[in-house]
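What follows is one structure encoded as structure tokens, with my remarks underneath.
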Amino acid sequence: MAFKVHPKAFRIERNEDWNSRWLNEKELPKLLEEDFKIREFLKKKLKDCSVEKIIIERFPGQIKVIIFTSRPGLIIGRRGEGAELLKKFLENKILKKKGILKLEIKAVKNVWSSAPLTAQWIAKQIEKRVRYRRVLKSALSRIITSKEVKGARVQIQGRLNGTMIARRDALQKGQLPRQKIRAIIDYGTARAFCAYGVVGVKVWIYKGEKLG
């Protein structure tokens with residue numbers, strides 16, 4: 001059996017960066033738990049808002065949470081009411097300190113060049129009982145049309161179409177050098193919760209190489 005490595009973890013400090021950007025050795029367990037709780041709350045609260053990733057930066061006396069999403073209007077709300085409610089809940093329930101959190105919401109322009117957002121779309125289509133083969137072909141064709149994309153792979157695994165035995169199916173097009181550290185590969189996963197079980201979704205998108 002081959003040894004599998006997470007594409008992003010494999011490239012950290014080369015062409016990828018951490019999602020938690022801070023260093024505090026004295027309070028490391030406490031702050032890591034805080035980061036985990038913040039991400040879990042935002043993922044549940046914003047599950048229908050197409051969130052790509054959540055980056056947390058810490059400074060003396062301030063915490064900055066950056067949310068990347070393709071639907072920023074749903075999170076911000078009318079006159080910023082949605083963002084303000086999220087900020088107040090995080091400060092009162094998780095951080096238990098007021099006035100230290102800064103919430104920033106950034107828009108993702110091209111959904112089909114983002115592996116996490118593409119994986120979420122595939123999972124939603126499978127939950128709607130669209131034929132999985134049709135969904136994979138549609139997602140792959142839309143990914144490849146992006147100018148920055150040079151190759152991609154979409155994969156699902158589980159009891160596809162409700163079959164008794166779980167299996168894996170995948171489609172790939174273009175280049176995808178997963179062994180190169182300098183390769184810029186966006187990776188995303190999602191889960192489709194169906195009546196017959198859970199179907200896992202994985203997406204790899206290759207965007208060229210980073211030299212130097």
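Ligands are numbered from 1 in the order shown, residues from 1 within each chain, and chains are lettered A, B, ... in the order they appear in the structure tokens.
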For segment 95-111 of chain A, find every residue with an atom within 8 Å (counting only C-alpha atoms), except residues of its own chain fewer than 6 positions away, and show them as a PyMOL selection string. chain A and resi 34+52+61-72+76+83+87-88+117-118
Using the selection just defined, write its residues with N, CA and C atoms as a PDB file, in the first residue's frame.
```
ATOM      1  N   GLU A  34      -8.291  27.220  21.050  1.00  0.00           N
ATOM      2  CA  GLU A  34      -9.107  28.368  20.650  1.00  0.00           C
ATOM      3  C   GLU A  34      -9.278  28.423  19.136  1.00  0.00           C
ATOM      4  N   GLU A  52     -13.996  28.918   1.720  1.00  0.00           N
ATOM      5  CA  GLU A  52     -12.842  28.200   1.197  1.00  0.00           C
ATOM      6  C   GLU A  52     -11.856  27.828   2.311  1.00  0.00           C
ATOM      7  N   GLY A  61      -2.480  41.571  21.934  1.00  0.00           N
ATOM      8  CA  GLY A  61      -3.743  42.244  22.218  1.00  0.00           C
ATOM      9  C   GLY A  61      -4.751  42.233  21.089  1.00  0.00           C
ATOM     10  N   GLN A  62      -4.496  41.436  20.053  1.00  0.00           N
ATOM     11  CA  GLN A  62      -5.437  41.406  18.926  1.00  0.00           C
ATOM     12  C   GLN A  62      -5.408  40.056  18.218  1.00  0.00           C
ATOM     13  N   ILE A  63      -6.590  39.612  17.763  1.00  0.00           N
ATOM     14  CA  ILE A  63      -6.727  38.384  16.963  1.00  0.00           C
ATOM     15  C   ILE A  63      -7.434  38.753  15.664  1.00  0.00           C
ATOM     16  N   LYS A  64      -6.850  38.330  14.562  1.00  0.00           N
ATOM     17  CA  LYS A  64      -7.420  38.626  13.248  1.00  0.00           C
ATOM     18  C   LYS A  64      -7.866  37.330  12.588  1.00  0.00           C
ATOM     19  N   VAL A  65      -9.157  37.246  12.247  1.00  0.00           N
ATOM     20  CA  VAL A  65      -9.718  36.071  11.586  1.00  0.00           C
ATOM     21  C   VAL A  65     -10.107  36.475  10.162  1.00  0.00           C
ATOM     22  N   ILE A  66      -9.500  35.810   9.173  1.00  0.00           N
ATOM     23  CA  ILE A  66      -9.752  36.118   7.765  1.00  0.00           C
ATOM     24  C   ILE A  66     -10.539  34.959   7.153  1.00  0.00           C
ATOM     25  N   ILE A  67     -11.711  35.242   6.626  1.00  0.00           N
ATOM     26  CA  ILE A  67     -12.573  34.240   6.012  1.00  0.00           C
ATOM     27  C   ILE A  67     -12.574  34.444   4.501  1.00  0.00           C
ATOM     28  N   PHE A  68     -12.160  33.419   3.757  1.00  0.00           N
ATOM     29  CA  PHE A  68     -12.194  33.456   2.300  1.00  0.00           C
ATOM     30  C   PHE A  68     -13.461  32.737   1.827  1.00  0.00           C
ATOM     31  N   THR A  69     -14.299  33.444   1.074  1.00  0.00           N
ATOM     32  CA  THR A  69     -15.583  32.889   0.659  1.00  0.00           C
ATOM     33  C   THR A  69     -15.968  33.414  -0.725  1.00  0.00           C
ATOM     34  N   SER A  70     -16.770  32.631  -1.438  1.00  0.00           N
ATOM     35  CA  SER A  70     -17.274  33.081  -2.736  1.00  0.00           C
ATOM     36  C   SER A  70     -18.593  33.827  -2.598  1.00  0.00           C
ATOM     37  N   ARG A  71     -19.153  33.863  -1.387  1.00  0.00           N
ATOM     38  CA  ARG A  71     -20.431  34.555  -1.148  1.00  0.00           C
ATOM     39  C   ARG A  71     -20.302  35.480   0.069  1.00  0.00           C
ATOM     40  N   PRO A  72     -19.485  36.537  -0.057  1.00  0.00           N
ATOM     41  CA  PRO A  72     -19.253  37.418   1.104  1.00  0.00           C
ATOM     42  C   PRO A  72     -20.499  38.159   1.567  1.00  0.00           C
ATOM     43  N   ILE A  76     -21.621  38.940   5.483  1.00  0.00           N
ATOM     44  CA  ILE A  76     -21.636  40.322   5.981  1.00  0.00           C
ATOM     45  C   ILE A  76     -23.046  40.754   6.380  1.00  0.00           C
ATOM     46  N   ALA A  83     -21.786  40.027  10.068  1.00  0.00           N
ATOM     47  CA  ALA A  83     -20.393  39.985  10.525  1.00  0.00           C
ATOM     48  C   ALA A  83     -20.274  40.437  11.978  1.00  0.00           C
ATOM     49  N   LYS A  87     -18.803  38.265  15.175  1.00  0.00           N
ATOM     50  CA  LYS A  87     -17.725  38.815  16.006  1.00  0.00           C
ATOM     51  C   LYS A  87     -18.096  38.806  17.492  1.00  0.00           C
ATOM     52  N   LYS A  88     -19.322  39.228  17.807  1.00  0.00           N
ATOM     53  CA  LYS A  88     -19.762  39.273  19.208  1.00  0.00           C
ATOM     54  C   LYS A  88     -19.826  37.877  19.818  1.00  0.00           C
ATOM     55  N   LEU A 117     -13.806  24.709  -2.617  1.00  0.00           N
ATOM     56  CA  LEU A 117     -15.139  25.127  -3.073  1.00  0.00           C
ATOM     57  C   LEU A 117     -15.694  24.179  -4.126  1.00  0.00           C
ATOM     58  N   THR A 118     -14.824  23.670  -4.997  1.00  0.00           N
ATOM     59  CA  THR A 118     -15.256  22.695  -5.994  1.00  0.00           C
ATOM     60  C   THR A 118     -15.706  21.400  -5.322  1.00  0.00           C
TER      61      THR A 118
END
```
Using only C-alpha atoms, determine which residues lie at most 9 Å from Leu136 of chain A, disregarding the query and same-chain residues fewer than 3 positions distant; provide the list as number ranges by chain. A: 122, 131-133, 139-141, 154-156, 170-171
Using N, CA, C and O atoms, can you export the residues from the last selection as a compact mmCIF listing (two decimals), in the first residue's frame?
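Result written to again.txt:
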```
# COMPACT_ATOMS: atom_id res chain seq x y z
N ILE A 122 -19.44 19.57 -5.51
CA ILE A 122 -19.65 18.17 -5.88
C ILE A 122 -20.46 17.45 -4.81
O ILE A 122 -21.39 16.69 -5.11
N ARG A 131 -26.52 12.08 -10.75
CA ARG A 131 -25.62 10.97 -11.07
C ARG A 131 -24.17 11.40 -10.88
O ARG A 131 -23.74 12.41 -11.45
N TYR A 132 -23.43 10.63 -10.11
CA TYR A 132 -22.08 11.03 -9.71
C TYR A 132 -21.14 11.18 -10.90
O TYR A 132 -20.27 12.06 -10.92
N ARG A 133 -21.28 10.33 -11.91
CA ARG A 133 -20.41 10.41 -13.08
C ARG A 133 -20.63 11.73 -13.83
O ARG A 133 -19.69 12.37 -14.30
N ALA A 139 -17.79 19.03 -13.18
CA ALA A 139 -16.84 19.76 -12.34
C ALA A 139 -15.47 19.85 -13.01
O ALA A 139 -14.85 20.92 -13.04
N LEU A 140 -15.00 18.75 -13.59
CA LEU A 140 -13.68 18.73 -14.23
C LEU A 140 -13.64 19.66 -15.44
O LEU A 140 -12.65 20.39 -15.64
N SER A 141 -14.68 19.66 -16.24
CA SER A 141 -14.71 20.53 -17.42
C SER A 141 -14.71 22.00 -17.02
O SER A 141 -14.10 22.84 -17.69
N VAL A 154 -10.54 14.92 -9.90
CA VAL A 154 -11.69 14.87 -8.98
C VAL A 154 -11.96 13.41 -8.64
O VAL A 154 -11.93 12.55 -9.52
N GLN A 155 -12.21 13.15 -7.37
CA GLN A 155 -12.35 11.76 -6.91
C GLN A 155 -13.44 11.67 -5.85
O GLN A 155 -13.56 12.54 -4.98
N ILE A 156 -14.23 10.60 -5.91
CA ILE A 156 -15.23 10.33 -4.87
C ILE A 156 -15.11 8.87 -4.44
O ILE A 156 -14.67 8.01 -5.22
N ALA A 170 -12.76 8.18 -10.14
CA ALA A 170 -12.04 9.45 -10.30
C ALA A 170 -11.89 9.78 -11.77
O ALA A 170 -11.89 8.90 -12.63
N LEU A 171 -11.74 11.09 -12.04
CA LEU A 171 -11.45 11.58 -13.39
C LEU A 171 -10.30 12.57 -13.29
O LEU A 171 -10.20 13.33 -12.32
```
If you measure from atom CA of Gln120 of chain A to atom CA of Glu91 of chain A, what distance in Å do you get, rounded to one decimal? 28.3 Å
Would you work out the distance separating atom CA of Ala152 of chain A from atom CA of Arg168 of chain A, expressed in Å to one decimal? 16.8 Å
Using only C-alpha atoms, which residue out of A:His6, A:Asp186, A:Lys37, A:Leu23 lies closest to Pro116 of chain A? A:Asp186
Selected residue, from A:Ile185, A:Leu86, A:Pro60, A:Ile12, that lies nearest to Leu46 of chain A when counting only C-alpha atoms: A:Leu86
Rounded to one decimal in Å, what is the spacing between atom CA of Ile75 of chain A and atom CA of Arg142 of chain A?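 Interatomic distance, atom CA of Ile75 of chain A to atom CA of Arg142 of chain A: 25.6 Å.
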Which residues of segment 52-146 of chain A have any atom within 7 Å of an atom in segment 188-202 of chain A when counting only C-alpha atoms, and what is the closest pair of atoms for each, with the distance in Å to one decimal? Order the rows by chain and rising number and write it as a Markdown table.
```
| residue | atom | partner | partner_atom | distance |
| --- | --- | --- | --- | --- |
| A:Ala115 | CA | A:Gly188 | CA | 4.6 |
| A:Pro116 | CA | A:Gly188 | CA | 3.9 |
| A:Ala119 | CA | A:Ala190 | CA | 5.5 |
| A:Gln120 | CA | A:Ala190 | CA | 5.5 |
| A:Ala123 | CA | A:Ala192 | CA | 4.5 |
| A:Lys124 | CA | A:Ala192 | CA | 6.5 |
| A:Ile126 | CA | A:Ala192 | CA | 6.4 |
| A:Glu127 | CA | A:Cys194 | CA | 5.6 |
```
May I have all residues of segment 108-197 of chain A that DSSP, computed from the backbone, assigns to strand (DSSP E), given as a list in words?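 So the strand (DSSP E) residues in segment 108-197 of chain A would be Gly151, Ala152, Arg153, Val154, Gln155, Ile156, Gln157, Gly158, Arg167, Arg168, Asp169, Ala170, Leu171, Gln172, Lys173, Gly174, Ala183, Ile184, Ile185, Asp186, Tyr187, Gly188, Thr189, Ala190, Arg191, Ala192, Phe193, Cys194 and Gly197 of chain A.
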